[in-house]
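Just work_30.cif here, mmCIF, C-alpha atoms:
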```cif
data_query
#
loop_
_atom_site.group_PDB
_atom_site.id
_atom_site.type_symbol
_atom_site.label_atom_id
_atom_site.label_comp_id
_atom_site.auth_asym_id
_atom_site.auth_seq_id
_atom_site.Cartn_x
_atom_site.Cartn_y
_atom_site.Cartn_z
ATOM 1 C CA MET I 29 254.986 -132.719 -38.318
ATOM 2 C CA ASN I 30 251.308 -132.341 -39.113
ATOM 3 C CA HIS I 31 251.824 -129.245 -41.156
ATOM 4 C CA LEU I 32 254.695 -130.888 -43.008
ATOM 5 C CA ILE I 33 252.401 -133.592 -44.380
ATOM 6 C CA GLY I 34 249.526 -131.233 -44.989
ATOM 7 C CA LEU I 35 247.353 -132.120 -42.040
ATOM 8 C CA SER I 36 247.879 -129.025 -39.952
ATOM 9 C CA LYS I 37 244.784 -126.994 -39.305
ATOM 10 C CA ARG I 38 246.113 -126.161 -35.916
ATOM 11 C CA SER I 39 245.563 -122.425 -35.916
ATOM 12 C CA ALA I 40 241.995 -122.791 -37.166
ATOM 13 C CA LEU I 41 241.348 -125.475 -34.548
ATOM 14 C CA VAL I 42 242.823 -123.351 -31.806
ATOM 15 C CA ALA I 43 240.768 -120.362 -32.943
ATOM 16 C CA HIS I 44 237.530 -122.396 -32.840
ATOM 17 C CA ARG I 45 238.407 -124.208 -29.584
ATOM 18 C CA LEU I 46 238.259 -127.645 -31.236
ATOM 19 C CA PRO I 47 240.301 -130.739 -30.240
ATOM 20 C CA ILE I 48 243.790 -130.765 -31.733
ATOM 21 C CA GLN I 49 245.282 -133.919 -33.207
ATOM 22 C CA THR I 50 248.903 -133.947 -32.168
ATOM 23 C CA SER I 51 249.967 -137.483 -33.182
ATOM 24 C CA ILE I 52 249.894 -139.941 -36.014
ATOM 25 C CA ARG I 53 250.309 -143.523 -34.921
ATOM 26 C CA THR I 54 252.864 -145.326 -37.045
ATOM 27 C CA ALA I 55 253.317 -148.276 -34.721
ATOM 28 C CA LEU I 56 251.257 -150.072 -32.130
ATOM 29 C CA ASN I 57 253.975 -150.376 -29.489
ATOM 30 C CA ASN I 58 257.624 -149.696 -28.843
ATOM 31 C CA ARG I 59 258.816 -152.968 -30.285
ATOM 32 C CA ASP I 60 257.691 -151.799 -33.712
ATOM 33 C CA TRP I 61 259.767 -148.641 -33.330
ATOM 34 C CA ARG I 62 262.894 -150.559 -32.353
ATOM 35 C CA PRO I 63 265.515 -150.205 -35.132
ATOM 36 C CA LYS I 64 266.155 -153.300 -37.191
ATOM 37 C CA GLU I 65 269.661 -154.594 -37.750
ATOM 38 C CA GLU I 66 269.199 -155.069 -41.495
ATOM 39 C CA VAL I 67 269.491 -152.046 -43.745
ATOM 40 C CA PRO I 68 266.473 -151.935 -46.124
ATOM 41 C CA VAL I 69 267.415 -152.416 -49.755
ATOM 42 C CA THR I 70 264.252 -152.801 -51.827
ATOM 43 C CA PRO I 71 261.968 -149.822 -52.390
ATOM 44 C CA GLU I 72 259.138 -151.569 -50.547
ATOM 45 C CA ASP I 73 261.340 -152.128 -47.493
ATOM 46 C CA ARG I 74 262.504 -148.545 -47.582
ATOM 47 C CA ALA I 75 258.904 -147.290 -47.807
ATOM 48 C CA ALA I 76 257.878 -149.470 -44.859
ATOM 49 C CA THR I 77 260.853 -148.266 -42.794
ATOM 50 C CA ALA I 78 260.126 -144.668 -43.707
ATOM 51 C CA LYS I 79 256.561 -145.124 -42.549
ATOM 52 C CA LYS I 80 257.807 -146.652 -39.323
ATOM 53 C CA TYR I 81 259.960 -143.577 -38.660
ATOM 54 C CA ASN I 82 257.145 -141.220 -39.711
ATOM 55 C CA MET I 83 259.044 -139.970 -42.746
ATOM 56 C CA LEU I 84 258.345 -139.592 -46.449
ATOM 57 C CA PRO I 85 259.890 -142.459 -48.475
ATOM 58 C CA GLU I 86 261.971 -140.050 -50.599
ATOM 59 C CA ASP I 87 263.309 -138.413 -47.425
ATOM 60 C CA TYR I 88 264.392 -141.645 -45.817
ATOM 61 C CA LYS I 89 268.090 -142.515 -46.072
ATOM 62 C CA PRO I 90 269.885 -145.113 -43.932
ATOM 63 C CA TYR I 91 273.292 -144.633 -42.389
ATOM 64 C CA PRO I 92 276.359 -145.985 -44.183
ATOM 65 C CA PRO I 93 277.103 -149.610 -43.141
ATOM 66 C CA GLU I 94 280.309 -148.688 -41.219
ATOM 67 C CA TYR I 95 278.124 -146.902 -38.624
ATOM 68 C CA ASN I 96 276.380 -150.184 -37.747
ATOM 69 C CA ALA I 97 273.190 -148.207 -37.228
ATOM 70 C CA GLY I 98 270.829 -150.678 -38.905
ATOM 71 C CA ASP I 99 267.809 -148.992 -40.481
ATOM 72 C CA MET I 100 268.064 -145.815 -38.358
ATOM 73 C CA PRO I 101 267.311 -142.772 -40.504
ATOM 74 C CA ASN I 102 270.203 -140.490 -41.393
ATOM 75 C CA VAL I 103 268.710 -137.024 -40.939
ATOM 76 C CA ALA I 104 270.523 -133.759 -41.051
ATOM 77 C CA PRO I 105 270.901 -131.897 -37.762
ATOM 78 C CA ALA I 106 268.020 -129.472 -37.375
ATOM 79 C CA GLY I 107 269.716 -127.357 -34.734
ATOM 80 C CA ALA I 108 269.324 -126.998 -30.996
ATOM 81 C CA TYR I 109 266.505 -125.243 -29.211
ATOM 82 C CA ALA I 110 267.765 -121.708 -29.774
ATOM 83 C CA ASP I 111 268.685 -122.410 -33.386
ATOM 84 C CA ARG I 112 265.165 -123.363 -34.420
ATOM 85 C CA SER I 113 262.634 -120.791 -35.456
ATOM 86 C CA PRO I 114 260.356 -119.703 -32.619
ATOM 87 C CA TRP I 115 257.526 -118.891 -35.067
ATOM 88 C CA GLU I 116 257.032 -122.389 -36.425
ATOM 89 C CA ASP I 117 253.945 -124.447 -35.531
ATOM 90 C CA TYR I 118 255.459 -127.150 -33.319
ATOM 91 C CA ASP I 119 253.600 -129.909 -31.596
ATOM 92 C CA TYR I 120 255.545 -129.027 -28.455
ATOM 93 C CA PRO I 121 256.216 -125.302 -28.713
ATOM 94 C CA SER I 122 257.998 -125.175 -25.376
ATOM 95 C CA GLU I 123 260.466 -127.790 -26.713
ATOM 96 C CA ARG I 124 260.401 -126.595 -30.343
ATOM 97 C CA GLN I 125 259.946 -130.165 -31.474
ATOM 98 C CA ASN I 126 257.254 -132.185 -33.234
ATOM 99 C CA TRP I 127 255.849 -135.482 -32.083
ATOM 100 C CA ASN I 128 257.696 -138.478 -33.447
ATOM 101 C CA GLU I 129 260.096 -136.283 -35.313
ATOM 102 C CA PRO I 130 263.338 -137.961 -36.438
ATOM 103 C CA ARG I 131 266.275 -135.996 -35.053
ATOM 104 C CA HIS I 132 269.991 -136.142 -35.529
ATOM 105 C CA PRO I 133 271.751 -137.604 -32.462
ATOM 106 C CA GLY I 134 273.790 -134.409 -32.145
ATOM 107 C CA ASP I 135 270.560 -132.489 -31.731
ATOM 108 C CA HIS I 136 269.711 -134.568 -28.666
ATOM 109 C CA VAL I 137 273.102 -133.793 -27.184
ATOM 110 C CA LYS I 138 272.693 -130.150 -27.945
ATOM 111 C CA TYR I 139 269.004 -130.124 -27.123
ATOM 112 C CA ASP I 140 269.280 -128.993 -23.502
ATOM 113 C CA LYS I 141 267.876 -125.490 -23.188
ATOM 114 C CA ALA I 142 270.182 -124.727 -20.264
ATOM 115 C CA ARG I 143 273.257 -125.102 -22.444
ATOM 116 C CA ILE I 144 274.947 -121.990 -23.790
ATOM 117 C CA GLN I 145 274.016 -121.832 -27.429
ATOM 118 C CA HIS I 146 274.990 -119.687 -30.321
ATOM 119 C CA VAL I 147 272.367 -116.960 -30.571
ATOM 120 C CA GLU I 148 273.783 -114.262 -32.745
ATOM 121 C CA GLU I 149 271.467 -111.401 -31.866
ATOM 122 C CA LYS I 150 272.061 -111.910 -28.142
ATOM 123 C CA GLN I 151 275.821 -111.426 -28.325
ATOM 124 C CA PRO I 152 276.829 -108.345 -26.358
ATOM 125 C CA GLY I 153 278.008 -105.517 -28.591
ATOM 126 C CA LEU I 154 280.676 -103.056 -27.567
ATOM 127 C CA THR I 155 279.173 -100.103 -29.432
ATOM 128 C CA LYS I 156 275.766 -100.648 -27.862
ATOM 129 C CA GLU I 157 277.261 -100.726 -24.381
ATOM 130 C CA LEU I 158 279.249 -97.560 -25.036
ATOM 131 C CA LEU I 159 276.161 -95.795 -26.368
ATOM 132 C CA LYS I 160 274.250 -96.800 -23.246
ATOM 133 C CA LEU I 161 276.954 -95.125 -21.168
ATOM 134 C CA LEU I 162 276.263 -91.850 -22.982
ATOM 135 C CA ILE I 163 272.569 -91.716 -22.055
ATOM 136 C CA ILE I 164 273.007 -89.884 -18.739
ATOM 137 C CA PRO I 165 275.569 -87.273 -19.827
ATOM 138 C CA ILE I 166 273.645 -86.497 -23.005
ATOM 139 C CA THR I 167 270.439 -86.116 -21.006
ATOM 140 C CA LEU I 168 272.145 -83.742 -18.587
ATOM 141 C CA ILE I 169 273.701 -81.700 -21.395
ATOM 142 C CA LEU I 170 270.382 -81.398 -23.215
ATOM 143 C CA ALA I 171 268.638 -80.405 -19.977
ATOM 144 C CA ALA I 172 271.258 -77.731 -19.296
ATOM 145 C CA TYR I 173 270.821 -76.463 -22.847
ATOM 146 C CA GLY I 174 267.059 -76.387 -22.487
ATOM 147 C CA PHE I 175 267.176 -74.519 -19.185
ATOM 148 C CA ARG I 176 269.921 -72.105 -20.243
ATOM 149 C CA SER I 177 267.558 -69.122 -20.252
ATOM 150 C CA MET I 178 266.261 -69.867 -16.763
ATOM 151 C CA GLU I 179 267.784 -67.704 -14.076
ATOM 152 C CA LEU I 180 267.848 -68.482 -10.381
ATOM 153 C CA MET I 181 265.887 -66.109 -8.195
ATOM 154 C CA THR I 182 268.761 -64.755 -6.070
ATOM 155 C CA PRO I 183 267.439 -61.216 -5.614
ATOM 156 C CA THR I 184 270.691 -59.331 -6.159
ATOM 157 C CA PHE I 185 272.888 -57.931 -8.875
ATOM 158 C CA PRO I 186 276.319 -59.436 -9.414
ATOM 159 C CA ALA I 187 279.032 -57.691 -7.413
ATOM 160 C CA ARG I 188 280.179 -54.531 -9.162
ATOM 161 C CA LYS I 189 283.798 -53.639 -9.530
ATOM 162 C CA PRO I 190 285.342 -50.182 -9.824
ATOM 163 C CA GLU I 191 285.662 -49.162 -13.472
ATOM 164 C CA PRO I 192 287.183 -45.980 -14.827
ATOM 165 C CA GLY I 193 284.456 -43.499 -15.766
ATOM 166 C CA VAL I 194 281.660 -45.273 -13.872
ATOM 167 C CA VAL I 195 280.328 -44.022 -10.505
ATOM 168 C CA HIS I 196 278.711 -46.517 -8.175
ATOM 169 C CA TYR I 197 276.620 -45.059 -5.387
ATOM 170 C CA SER I 198 276.112 -46.310 -1.875
ATOM 171 C CA PHE I 199 272.853 -45.851 0.022
ATOM 172 C CA GLU I 200 274.207 -43.263 2.456
ATOM 173 C CA LYS I 201 273.080 -39.655 2.542
ATOM 174 C CA ASN I 202 275.394 -37.163 0.911
ATOM 175 C CA ASP I 203 276.519 -34.822 3.725
ATOM 176 C CA GLU I 204 278.364 -32.387 1.428
ATOM 177 C CA SER I 205 281.688 -33.373 2.983
ATOM 178 C CA GLY I 206 283.085 -34.116 -0.439
ATOM 179 C CA HIS I 207 284.196 -37.607 0.607
ATOM 180 C CA GLY I 208 282.788 -40.750 -0.795
ATOM 181 C CA VAL I 209 282.103 -43.980 1.041
ATOM 182 C CA ARG I 210 284.977 -46.313 1.514
ATOM 183 C CA TYR I 211 283.995 -49.480 3.312
ATOM 184 C CA MET N 27 258.107 -75.863 -5.627
ATOM 185 C CA GLY N 28 260.837 -73.841 -4.046
ATOM 186 C CA LEU N 29 261.054 -70.084 -4.453
ATOM 187 C CA ASN N 30 264.008 -70.453 -6.783
ATOM 188 C CA PHE N 31 262.127 -72.643 -9.252
ATOM 189 C CA SER N 32 258.758 -70.913 -9.163
ATOM 190 C CA GLY N 33 260.497 -67.547 -9.264
ATOM 191 C CA SER N 34 262.539 -68.631 -12.274
ATOM 192 C CA ILE N 35 259.378 -69.686 -14.068
ATOM 193 C CA ASP N 36 257.690 -66.403 -13.202
ATOM 194 C CA ARG N 37 260.728 -64.492 -14.423
ATOM 195 C CA ALA N 38 260.695 -66.413 -17.701
ATOM 196 C CA GLN N 39 256.973 -65.680 -18.127
ATOM 197 C CA HIS N 40 257.163 -61.964 -17.197
ATOM 198 C CA PRO N 41 260.683 -60.747 -18.022
ATOM 199 C CA GLU N 42 259.558 -57.084 -17.980
ATOM 200 C CA GLN N 43 258.752 -57.290 -14.254
ATOM 201 C CA TYR N 44 262.261 -58.281 -13.192
ATOM 202 C CA PRO N 45 265.620 -56.510 -13.387
ATOM 203 C CA GLU N 46 268.127 -57.802 -15.879
ATOM 204 C CA LYS N 47 271.045 -59.060 -13.863
ATOM 205 C CA ALA N 48 273.548 -58.862 -16.679
ATOM 206 C CA LYS N 49 272.534 -55.326 -17.599
ATOM 207 C CA GLY N 50 272.562 -53.874 -14.087
ATOM 208 C CA PRO N 51 270.480 -50.937 -12.824
ATOM 209 C CA THR N 52 268.866 -48.912 -15.609
ATOM 210 C CA PHE N 53 267.187 -46.019 -13.754
ATOM 211 C CA ASP N 54 268.853 -42.759 -12.772
ATOM 212 C CA PRO N 55 270.836 -43.630 -9.625
ATOM 213 C CA LEU N 56 269.954 -40.295 -7.958
ATOM 214 C CA TYR N 57 266.225 -40.392 -8.754
ATOM 215 C CA GLY N 58 264.206 -40.177 -5.545
ATOM 216 C CA PHE N 59 267.151 -39.314 -3.288
ATOM 217 C CA SER N 60 266.485 -35.748 -2.174
ATOM 218 C CA ASP N 61 269.697 -35.630 -0.129
ATOM 219 C CA GLY N 62 271.809 -37.318 -2.766
ATOM 220 C CA ARG N 63 273.945 -40.414 -2.365
ATOM 221 C CA LYS N 64 277.547 -40.823 -1.455
ATOM 222 C CA PRO N 65 279.584 -42.350 -4.268
ATOM 223 C CA LYS N 66 281.742 -45.338 -3.520
ATOM 224 C CA VAL N 67 285.439 -44.719 -3.713
ATOM 225 C CA ALA N 68 287.702 -47.333 -5.203
ATOM 226 C CA PRO N 69 290.642 -47.987 -2.859
ATOM 227 C CA TYR N 70 293.186 -48.311 -5.649
ATOM 228 C CA THR N 71 293.421 -47.497 -9.321
ATOM 229 C CA GLN N 72 293.768 -50.350 -11.779
ATOM 230 C CA GLU N 73 297.502 -49.776 -12.135
ATOM 231 C CA GLU N 74 297.984 -49.812 -8.373
ATOM 232 C CA MET N 75 296.070 -53.054 -8.047
ATOM 233 C CA GLN N 76 298.203 -54.562 -10.776
ATOM 234 C CA THR N 77 301.366 -53.381 -9.015
ATOM 235 C CA LEU N 78 300.172 -54.730 -5.657
ATOM 236 C CA ASN N 79 299.574 -58.118 -7.259
ATOM 237 C CA ILE N 80 295.946 -58.373 -6.131
ATOM 238 C CA PRO N 81 294.131 -61.293 -7.767
ATOM 239 C CA LEU N 82 291.768 -60.415 -10.601
ATOM 240 C CA ASP N 83 288.627 -61.573 -8.810
ATOM 241 C CA LYS N 84 289.497 -59.496 -5.684
ATOM 242 C CA ARG N 85 289.904 -56.158 -7.474
ATOM 243 C CA ASP N 86 286.691 -54.669 -6.102
ATOM 244 C CA TYR N 87 285.764 -52.081 -3.463
ATOM 245 C CA CYS N 88 287.330 -54.286 -0.749
ATOM 246 C CA ALA N 89 290.718 -54.635 -2.399
ATOM 247 C CA HIS N 90 292.537 -52.757 0.394
ATOM 248 C CA TYR N 91 291.235 -55.222 2.974
ATOM 249 C CA PHE N 92 292.369 -58.094 0.827
ATOM 250 C CA ARG N 93 295.776 -56.471 0.434
ATOM 251 C CA ALA N 94 296.024 -56.459 4.251
ATOM 252 C CA ILE N 95 295.242 -60.165 4.288
ATOM 253 C CA MET N 96 297.934 -60.776 1.687
ATOM 254 C CA LEU N 97 300.559 -58.913 3.687
ATOM 255 C CA CYS N 98 299.557 -60.629 6.934
ATOM 256 C CA THR N 99 299.701 -64.020 5.226
ATOM 257 C CA GLN N 100 303.164 -63.292 3.912
ATOM 258 C CA GLN N 101 304.327 -62.233 7.365
ATOM 259 C CA TYR N 102 302.922 -65.089 9.401
ATOM 260 C CA TRP N 103 303.220 -68.010 6.974
ATOM 261 C CA PRO N 104 302.574 -70.857 7.683
ATOM 262 C CA SER N 105 300.592 -69.883 10.794
ATOM 263 C CA GLN N 106 298.477 -67.227 9.099
ATOM 264 C CA TYR N 107 295.209 -68.791 10.269
ATOM 265 C CA GLY N 108 296.190 -68.069 13.847
ATOM 266 C CA TYR N 109 297.176 -64.463 13.228
ATOM 267 C CA CYS N 110 295.237 -63.014 10.308
ATOM 268 C CA GLU N 111 291.678 -63.583 11.470
ATOM 269 C CA PRO N 112 291.031 -59.862 12.256
ATOM 270 C CA GLU N 113 292.062 -58.881 8.723
ATOM 271 C CA ARG N 114 289.906 -61.599 7.224
ATOM 272 C CA HIS N 115 286.964 -60.562 9.374
ATOM 273 C CA ALA N 116 287.305 -56.951 8.253
ATOM 274 C CA TRP N 117 287.413 -58.039 4.620
ATOM 275 C CA GLU N 118 284.309 -60.191 5.123
ATOM 276 C CA GLN N 119 282.420 -57.271 6.692
ATOM 277 C CA CYS N 120 283.341 -55.117 3.712
ATOM 278 C CA GLN N 121 282.113 -57.816 1.313
ATOM 279 C CA ILE N 122 278.866 -58.058 3.264
ATOM 280 C CA GLN N 123 278.322 -54.296 2.990
ATOM 281 C CA ASN N 124 278.922 -54.402 -0.760
ATOM 282 C CA LYS N 125 276.598 -57.352 -1.244
ATOM 283 C CA LEU N 126 273.943 -55.564 0.776
ATOM 284 C CA ASP N 127 274.301 -52.589 -1.544
ATOM 285 C CA ASP N 128 273.879 -54.853 -4.558
ATOM 286 C CA ALA N 129 270.754 -56.405 -3.083
ATOM 287 C CA LYS N 130 269.319 -52.973 -2.274
ATOM 288 C CA GLU N 131 270.113 -51.836 -5.792
ATOM 289 C CA TYR N 132 268.253 -54.872 -7.155
ATOM 290 C CA GLU N 133 265.232 -54.206 -4.973
ATOM 291 C CA ARG N 134 265.167 -50.553 -6.042
ATOM 292 C CA GLU N 135 265.335 -51.539 -9.702
ATOM 293 C CA LEU N 136 262.527 -54.093 -9.216
ATOM 294 C CA ARG N 137 260.214 -51.656 -7.443
ATOM 295 C CA LEU N 138 260.851 -48.860 -9.940
ATOM 296 C CA ARG N 139 260.147 -51.203 -12.823
ATOM 297 C CA ARG N 140 256.860 -52.362 -11.356
ATOM 298 C CA ARG N 141 255.936 -48.774 -10.525
ATOM 299 C CA ARG N 142 256.550 -47.811 -14.135
ATOM 300 C CA LEU N 143 254.431 -50.742 -15.305
ATOM 301 C CA ARG N 144 251.594 -49.725 -12.983
ATOM 302 C CA LYS N 145 251.765 -46.160 -14.246
ATOM 303 C CA GLU N 146 251.637 -47.280 -17.876
ATOM 304 C CA GLU N 147 248.694 -49.521 -17.118
ATOM 305 C CA LYS N 148 246.875 -46.649 -15.387
ATOM 306 C CA THR N 149 247.404 -44.255 -18.303
ATOM 307 C CA ASN N 150 246.153 -46.896 -20.735
ATOM 308 C CA ARG N 151 243.094 -47.486 -18.570
ATOM 309 C CA ASP N 152 242.375 -43.742 -18.351
ATOM 310 C CA LEU N 153 242.704 -43.377 -22.105
ATOM 311 C CA LEU N 154 240.273 -46.250 -22.655
ATOM 312 C CA HIS N 155 237.826 -44.775 -20.179
ATOM 313 C CA LYS N 156 238.074 -41.366 -21.871
ATOM 314 C CA GLU N 157 237.382 -42.885 -25.292
ATOM 315 C CA HIS N 158 234.442 -44.789 -23.875
ATOM 316 C CA THR N 159 232.862 -41.685 -22.303
ATOM 317 C CA ASP N 160 233.451 -39.638 -25.462
ATOM 318 C CA ASN N 161 231.682 -42.253 -27.551
ATOM 319 C CA ASN N 162 228.744 -42.319 -25.142
ATOM 320 C CA GLU N 163 228.396 -38.555 -25.208
ATOM 321 C CA GLU N 164 228.236 -38.572 -28.991
#
```
Go ahead and render the structure in this file as structure tokens.
Amino acid sequence: MNHLIGLSKRSALVAHRLPIQTSIRTALNNRDWRPKEEVPVTPEDRAATAKKYNMLPEDYKPYPPEYNAGDMPNVAPAGAYADRSPWEDYDYPSERQNWNEPRHPGDHVKYDKARIQHVEEKQPGLTKELLKLLIIPITLILAAYGFRSMELMTPTFPARKPEPGVVHYSFEKNDESGHGVRY
Amino acid sequence: MGLNFSGSIDRAQHPEQYPEKAKGPTFDPLYGFSDGRKPKVAPYTQEEMQTLNIPLDKRDYCAHYFRAIMLCTQQYWPSQYGYCEPERHAWEQCQIQNKLDDAKEYERELRLRRRRLRKEEKTNRDLLHKEHTDNNEE
């Protein structure tokens, strides 16, 4: 909230290891924070109520009378934990919430971090999963292509077959008998 | 690393020192054999092998042994494993002899190649030495 009302020098304070002011007192005790039954009508009342709830007077808006909510502020839902920006300068970064910040009641219901929330970029994608499946076969194919010129060191020629017009010799001495070798 | 891997790397680095397996032997087959060599005789012609229904990958210098296995298998089916072992053994011995010939042929090709390389290197060295001495004399 500090940076919303122009008081935030948090990053500079953090950088210079100075004490950080994380709260603005708008009331002395809890009784002053307790919602009143009467809806404020005059601009002075509205300004005082806005100050009580740590809001700007032009931002403050009470609930319609059929809600029976008294002078509770009607604020728009700001989203649950995962819906809020992680890069903002919160008073409680682990909760993504500012001190004394007016929240919509639905936010408190949805506020639990353990709940499953709608985080669009974390939805599993079918194409991504299918592409991941291709990593191993593509690696093997590329490796086979890269090593295609490598030859194993089996020290022999491939088996030769009889062809017309080609003479294959054995390693036996020719004894002038006129017969070839037939294994 | 194993011999296969280090040998493959060495072959890729020095291809002139190793025989080309796809090309086969390149030197004169009778060079260095004062008594000559006996040629191998094919047991059948191509037409005969086709007529005898010998499989394509068995049409080599042991085709007659494989034909014996085929006939024995036909005769003793389905107990051919109990009766045709002598034929199969004879065919295996023939295959071993042929493979030994191939390996010997490879070794001969390898040694002749390296001998040729050594000779070329020696002539080059002699030429260099001759040029060097000639220059010194001048």
At most 8 Å is the cut-off: for each residue in chain N with any atom that close to an atom of chain I, write down the nearest atom pair and the distance in Å rounded to one decimal, counting all atoms listed in the file, chain first then increasing number, as a tab-separated table.
```
residue	atom	partner	partner_atom	distance
N:Leu29	CA	I:Met181	CA	7.3
N:Asn30	CA	I:Met181	CA	4.9
N:Phe31	CA	I:Leu180	CA	7.2
N:Gly33	CA	I:Met181	CA	5.7
N:Ser34	CA	I:Glu179	CA	5.6
N:Ile35	CA	I:Met178	CA	7.4
N:Arg37	CA	I:Glu179	CA	7.8
N:Ala38	CA	I:Met178	CA	6.6
N:Lys47	CA	I:Phe185	CA	5.4
N:Ala48	CA	I:Pro186	CA	7.8
N:Gly50	CA	I:Phe185	CA	6.6
N:Pro55	CA	I:Tyr197	CA	7.3
N:Asp61	CA	I:Lys201	CA	5.9
N:Gly62	CA	I:Asn202	CA	5.1
N:Arg63	CA	I:Asn202	CA	4.8
N:Lys64	CA	I:Asn202	CA	4.9
N:Pro65	CA	I:Tyr197	CA	4.2
N:Lys66	CA	I:Val209	CA	4.8
N:Val67	CA	I:Arg210	CA	5.5
N:Ala68	CA	I:Pro190	CA	5.9
N:Pro69	CA	I:Arg210	CA	7.3
N:Arg85	CA	I:Lys189	CA	6.9
N:Asp86	CA	I:Lys189	CA	4.6
N:Tyr87	CA	I:Lys189	CA	6.6
N:Cys88	CA	I:Tyr211	CA	7.1
N:Cys120	CA	I:Tyr211	CA	5.7
N:Gln123	CA	I:Tyr211	CA	7.4
N:Asn124	CA	I:Ala187	CA	7.4
N:Lys125	CA	I:Ala187	CA	6.6
N:Asp127	CA	I:Ser198	CA	6.5
N:Asp128	CA	I:Phe185	CA	5.4
N:Ala129	CA	I:Thr184	CA	4.2
N:Lys130	CA	I:Thr184	CA	7.6
N:Glu131	CA	I:Phe185	CA	7.4
N:Tyr132	CA	I:Thr184	CA	5.2
N:Glu133	CA	I:Pro183	CA	7.4
```
For the file shown, report as a compact mmCIF listing (two decimals) with C-alpha atoms, keeping the file's coordinate frame the outcome of the PyMOL selection byres ((chain N and resi 96) around 10) at residue level.
```txt
# COMPACT_ATOMS: atom_id res chain seq x y z
CA LEU N 78 300.17 -54.73 -5.66
CA ASN N 79 299.57 -58.12 -7.26
CA ILE N 80 295.95 -58.37 -6.13
CA HIS N 90 292.54 -52.76 0.39
CA TYR N 91 291.24 -55.22 2.97
CA PHE N 92 292.37 -58.09 0.83
CA ARG N 93 295.78 -56.47 0.43
CA ALA N 94 296.02 -56.46 4.25
CA ILE N 95 295.24 -60.16 4.29
CA LEU N 97 300.56 -58.91 3.69
CA CYS N 98 299.56 -60.63 6.93
CA THR N 99 299.70 -64.02 5.23
CA GLN N 100 303.16 -63.29 3.91
CA GLN N 101 304.33 -62.23 7.36
CA GLN N 106 298.48 -67.23 9.10
CA CYS N 110 295.24 -63.01 10.31
CA GLU N 113 292.06 -58.88 8.72
CA ARG N 114 289.91 -61.60 7.22
```
* To do: Report as a PyMOL selection string the full result of the PyMOL selection byres ((chain I and resi 82) around 10) when it is applied to this structure.
  => chain I and resi 29+52-55+76-81+83-85+88+127-130
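Reported to one decimal place, the separation of atom CA of I:Asp119 from atom CA of I:His44 is 17.8 Å.
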* Hey, can you check how far atom CA of N:Arg137 sits from atom CA of N:Leu56? -> 15.0 Å
* Asked: Any idea what's packed within 8 Å of N:Leu136, counting all atoms listed in the file, ignoring anything in its chain fewer than 4 positions away? Could you give it as a list in words?
  -> Gln43, Tyr44, Pro45, Tyr132 and Arg140 of chain N
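Checking N:Glu74, N:Glu42, N:Glu111, N:Thr159 one by one against N:Arg142, counting all atoms listed in the file, you find the shortest gap at N:Glu42.
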* Kindly give the distance, in Å, that separates atom CA of I:Ser113 and atom CA of I:Asp99, rounded to a single decimal. => 29.1 Å
